[in-house]
Each structure stands twice: as structure tokens, then as C-alpha cells.
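Peer 1: To start, I am sharing the structure in question, which I have written as C-alpha cells.
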Amino acid sequence: MSRHERIKIAPSILSADFARLGEQVAEAEKAGADCLHVDVMDGRFVPPITFGPIIVEAIRPHTSLPLEIHMMVESPERHFEQLRDAGADRIIVHQEASAHLHLAMGQIRDLGMESGVAVNPGTSLSAVEDVISDMDLLLVMTVNPGWGGQPLIPSMVDKIGRARAMLNGANRAAATLEVDGGIKADNARLVVDAGASQLVAGSAVYNDSVSVAHALARIRAAASPP
Ligand code: DX5
Ligand code: ZN
């Protein structure tokens, strides 16, 4: 992407107040979020269990923003249709969790959704190079998945740069390059300069010390090119 395109921000509801999820989702939309990031965890691919399609269905009426589902789930394809019916717009599967990645990505698109692929910090980008034309989004994990509130792993900044070069080199510059984990106002510029076009932010957006609107405005200002 060119440096002057608007950076997209995707608040992760993992850090939201689940007792008032509808309001929290609406707050993010009002504050100018570009989409909502929904972390589905199965207790197997990652230790925690979060939520699944019924929560997607519950928040769908509270926002018109696209809902992207980050599936930290083994054999994710078992749930695609149900997630689509619940209101998902984009599904991101982990390279490490899908034995038939190319097939899974086709299934996501065939169901009318955008397809994304996530790579863990320890996974080489070469593991997804052969499906680059099948993805609408590449998610470079900047923490090990499973928990909000972890610090960004510094060596991932170089990997973002290599992911950007890989997309551009394959004529896929228009695909979204998303980063997830430890993104805050104070490192947003760093990851954008490395080539990210969409930032997930969980604990930096939903926390007790600052409003959602203020938090988003800070990240937006920090991420925007001068
Ligand atoms: C971690 C999740 C993230 C998480 C990010 O496994 O994929 O989306 O919500 O949280 P922060 O922004 O607090 O690192
Ligand atoms: Zn996530």
C-alpha cells in the first residue's frame, strides 16, 4: 500500500467488557474503528476458550462494521458456514491449524467471505507464500496467540517488512497486511512504517484507564503518516 492510504484499525473485543458487549462494539464504531476483530479460541490450538458463532450473532445487530473472525481453532473449516450465517465478513485461519490451507481459503471465499491467513511468530512466511493469491489478508502475529495484553515481540517488526515485500513482489500490494498483538499508540508508527496496513488493538482500546474514543484517537494519530 502507499504510505498515504488510511491505516485501518480493528479493535479486538477480547479485552472488552463482555457484560456490555453490544455497547462496547457500538462505541468502537462511533470512535472510527474500521472493523471489529473477534478472537475465537478453542482450548486446543491455544489454551484458552473464548467464544464462537453465538457471540458473533449477538454483536452483529450492534454494529455495521465488518466483523473479522480470528480463528485460533484446530480444523477451523468445521465452523465456516455457521460463522458466515452469524454475520462474519472475513475469516482468518492459522497456517499452523489447517492441514489443507488452500482448500480452507477457497471454502471461505465460496461462502462469500474474505479469506485471511495468520502466521505465528515462529512460522516462516514461506509457509504461506504459495497461497498468496488466495488471501485477502495476511495476519502477522506480533505475539504468541492466546492472550491479550502481551508485549509486541520486537523481532516481528522485521518480519512485517518481509511480509510487505512478499505481498508487493507478488502483485498483491492491495491485500491487507494486518498485525496483531501488543499494538499501542507508541509502536503503531513502527509497524506501519514496516508495511502494516491494518492494526489490531485489544487492551490498548478496551481498558479501564481511557475511553474507547480517546484510545482509538491516540492510535489513529500515532499511526497516520505526517
Ligand atoms: C491474541 C489475540 C489478539 C488480542 C490482542 O491471541 O489474537 O487479537 O486480542 O490483544 P492486545 O492488543 O492486548 O495485545
Ligand atoms: Zn486476534
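Residue names in the C-alpha cells use chain letters A, B, ... in the order shown, residue numbers from 1 in each chain, and ligand numbers from 1 in the order shown.
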So which residues are near ligand 1, meaning at most 7 Å away with only C-alpha atoms and all ligand atoms counted, given back as a list in words?

Peer 2: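 Based on only C-alpha atoms and all ligand atoms, ligand 1 is surrounded within 7 Å by Ser12, Ile13, Leu14, Ser15, His37, Asp39, His70, Asn144, Pro145, Gly146, Trp147, Gly148, Gly149, Gln150, Pro151, Asp180, Gly181, Gly182, Ile183, Val200, Ala201, Gly202, Ser203 and Ala204 of chain A.
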
Peer 1: Looking only at the backbone, which of the residues in chain A does DSSP tag as alpha helix (DSSP H), as a ChimeraX atom specification?

Peer 2: /A:21-30,53-59,80-86,101-110,156-169,185-194,212-223

Peer 1: Within range 63-203 of chain A, find each residue whose DSSP state, derived from the backbone, is strand (DSSP E or B), and express the selection as a PyMOL selection string.

Peer 2: chain A and resi 67-72+90-94+114-119+137-141+176-180+198-201

Peer 1: In terms of the shortest atom-to-atom distance over only C-alpha atoms, which of A:Phe18, A:Tyr206, A:Phe51, A:Phe45 is closest to His94 in chain A?

Peer 2: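 That would be A:Phe45, the residue with the smallest distance to His94 in chain A.
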
Peer 1: Find the residues around Phe80 in chain A up to 10 Å (only C-alpha atoms counted), leave out those fewer than 4 positions away in its own chain, and share them as a list in words.

Peer 2: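 Using only C-alpha atoms, the neighbours found are Pro53, Ile69, Met71, Pro76, Arg84, Asp85, Ala86, Ala88, Arg90, Ile91, Ala104, Gln107, Ile108, Leu111 and Met113 of chain A.
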
Peer 1: How would the residues just picked look written out with all heavy atoms as a tab-separated table (two decimals), in the first residue's frame?

Peer 2:
```
chain	number	residue	atom	x	y	z
A	53	PRO	N	-19.66	-18.72	17.32
A	53	PRO	CA	-20.67	-18.06	16.49
A	53	PRO	C	-21.80	-17.38	17.26
A	53	PRO	O	-22.32	-16.37	16.78
A	53	PRO	CB	-21.22	-19.22	15.64
A	53	PRO	CG	-20.11	-20.21	15.60
A	53	PRO	CD	-19.40	-20.11	16.91
A	69	ILE	N	-13.14	-12.63	11.89
A	69	ILE	CA	-13.03	-13.68	12.89
A	69	ILE	C	-11.63	-14.26	12.83
A	69	ILE	O	-11.24	-14.85	11.82
A	69	ILE	CB	-14.07	-14.81	12.64
A	69	ILE	CG1	-15.44	-14.23	12.27
A	69	ILE	CG2	-14.13	-15.72	13.86
A	69	ILE	CD1	-16.07	-13.32	13.30
A	71	MET	N	-9.59	-17.06	13.87
A	71	MET	CA	-9.85	-18.39	14.40
A	71	MET	C	-8.58	-19.04	14.92
A	71	MET	O	-7.74	-19.51	14.14
A	71	MET	CB	-10.47	-19.27	13.31
A	71	MET	CG	-11.83	-18.78	12.84
A	71	MET	SD	-12.67	-20.01	11.83
A	71	MET	CE	-13.23	-21.16	13.09
A	76	PRO	N	-10.44	-25.44	11.51
A	76	PRO	CA	-11.39	-24.32	11.54
A	76	PRO	C	-12.54	-24.45	10.55
A	76	PRO	O	-13.62	-23.90	10.78
A	76	PRO	CB	-10.51	-23.10	11.19
A	76	PRO	CG	-9.34	-23.68	10.46
A	76	PRO	CD	-9.10	-25.02	11.06
A	84	ARG	N	-20.43	-17.62	9.04
A	84	ARG	CA	-21.00	-16.78	7.97
A	84	ARG	C	-22.46	-16.47	8.29
A	84	ARG	O	-22.91	-15.31	8.24
A	84	ARG	CB	-20.87	-17.50	6.63
A	84	ARG	CG	-21.12	-16.64	5.39
A	84	ARG	CD	-22.58	-16.56	4.97
A	84	ARG	NE	-23.27	-17.83	4.95
A	84	ARG	CZ	-23.36	-18.63	3.88
A	84	ARG	NH1	-22.78	-18.28	2.75
A	84	ARG	NH2	-24.04	-19.76	3.94
A	85	ASP	N	-23.20	-17.48	8.68
A	85	ASP	CA	-24.62	-17.28	8.99
A	85	ASP	C	-24.82	-16.37	10.21
A	85	ASP	O	-25.84	-15.70	10.34
A	85	ASP	CB	-25.31	-18.63	9.24
A	85	ASP	CG	-25.38	-19.47	7.97
A	85	ASP	OD1	-25.14	-18.91	6.87
A	85	ASP	OD2	-25.66	-20.68	8.07
A	86	ALA	N	-23.82	-16.35	11.10
A	86	ALA	CA	-23.90	-15.50	12.28
A	86	ALA	C	-23.56	-14.04	11.97
A	86	ALA	O	-23.79	-13.16	12.79
A	86	ALA	CB	-22.95	-16.03	13.37
A	88	ALA	N	-20.39	-13.09	10.05
A	88	ALA	CA	-18.97	-12.83	9.80
A	88	ALA	C	-18.76	-12.34	8.36
A	88	ALA	O	-19.42	-12.80	7.43
A	88	ALA	CB	-18.16	-14.10	10.02
A	90	ARG	N	-15.29	-11.76	7.32
A	90	ARG	CA	-13.95	-12.22	6.95
A	90	ARG	C	-13.53	-13.26	7.97
A	90	ARG	O	-13.80	-13.11	9.17
A	90	ARG	CB	-12.97	-11.04	7.00
A	90	ARG	CG	-11.52	-11.39	6.73
A	90	ARG	CD	-10.61	-10.19	6.93
A	90	ARG	NE	-10.98	-9.08	6.09
A	90	ARG	CZ	-11.07	-7.82	6.52
A	90	ARG	NH1	-10.83	-7.50	7.79
A	90	ARG	NH2	-11.43	-6.86	5.69
A	91	ILE	N	-12.89	-14.32	7.48
A	91	ILE	CA	-12.39	-15.35	8.39
A	91	ILE	C	-10.89	-15.49	8.20
A	91	ILE	O	-10.40	-15.61	7.07
A	91	ILE	CB	-13.11	-16.69	8.15
A	91	ILE	CG1	-14.56	-16.57	8.68
A	91	ILE	CG2	-12.37	-17.83	8.86
A	91	ILE	CD1	-15.33	-17.86	8.69
A	104	ALA	N	-9.20	-24.64	2.54
A	104	ALA	CA	-9.95	-23.84	3.52
A	104	ALA	C	-10.19	-22.42	3.01
A	104	ALA	O	-11.29	-21.87	3.14
A	104	ALA	CB	-9.20	-23.81	4.85
A	107	GLN	N	-12.88	-22.37	0.53
A	107	GLN	CA	-14.20	-22.55	1.15
A	107	GLN	C	-14.71	-21.23	1.74
A	107	GLN	O	-15.90	-20.91	1.65
A	107	GLN	CB	-14.11	-23.61	2.26
A	107	GLN	CG	-13.93	-25.02	1.73
A	107	GLN	CD	-13.56	-26.04	2.81
A	107	GLN	OE1	-13.02	-25.67	3.87
A	107	GLN	NE2	-13.82	-27.31	2.56
A	108	ILE	N	-13.81	-20.47	2.33
A	108	ILE	CA	-14.20	-19.17	2.92
A	108	ILE	C	-14.73	-18.25	1.82
A	108	ILE	O	-15.81	-17.64	1.94
A	108	ILE	CB	-13.01	-18.52	3.65
A	108	ILE	CG1	-12.60	-19.36	4.87
A	108	ILE	CG2	-13.36	-17.09	4.08
A	108	ILE	CD1	-11.27	-18.95	5.49
A	111	LEU	N	-18.08	-19.16	0.40
A	111	LEU	CA	-19.21	-18.81	1.27
A	111	LEU	C	-19.49	-17.30	1.26
A	111	LEU	O	-20.33	-16.80	2.00
A	111	LEU	CB	-18.91	-19.26	2.71
A	111	LEU	CG	-19.05	-20.78	2.96
A	111	LEU	CD1	-18.38	-21.17	4.27
A	111	LEU	CD2	-20.52	-21.20	2.98
A	113	MET	N	-17.26	-14.81	1.92
A	113	MET	CA	-16.49	-14.01	2.87
A	113	MET	C	-15.08	-13.77	2.33
A	113	MET	O	-14.64	-14.41	1.38
A	113	MET	CB	-16.41	-14.74	4.22
A	113	MET	CG	-17.77	-14.96	4.87
A	113	MET	SD	-17.67	-15.88	6.43
A	113	MET	CE	-17.37	-17.54	5.84
```

Peer 1: By how many Å are CA of Leu138 in chain A and CA of Glu178 in chain A apart?

Peer 2: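 These atoms are spaced 6.1 Å apart.
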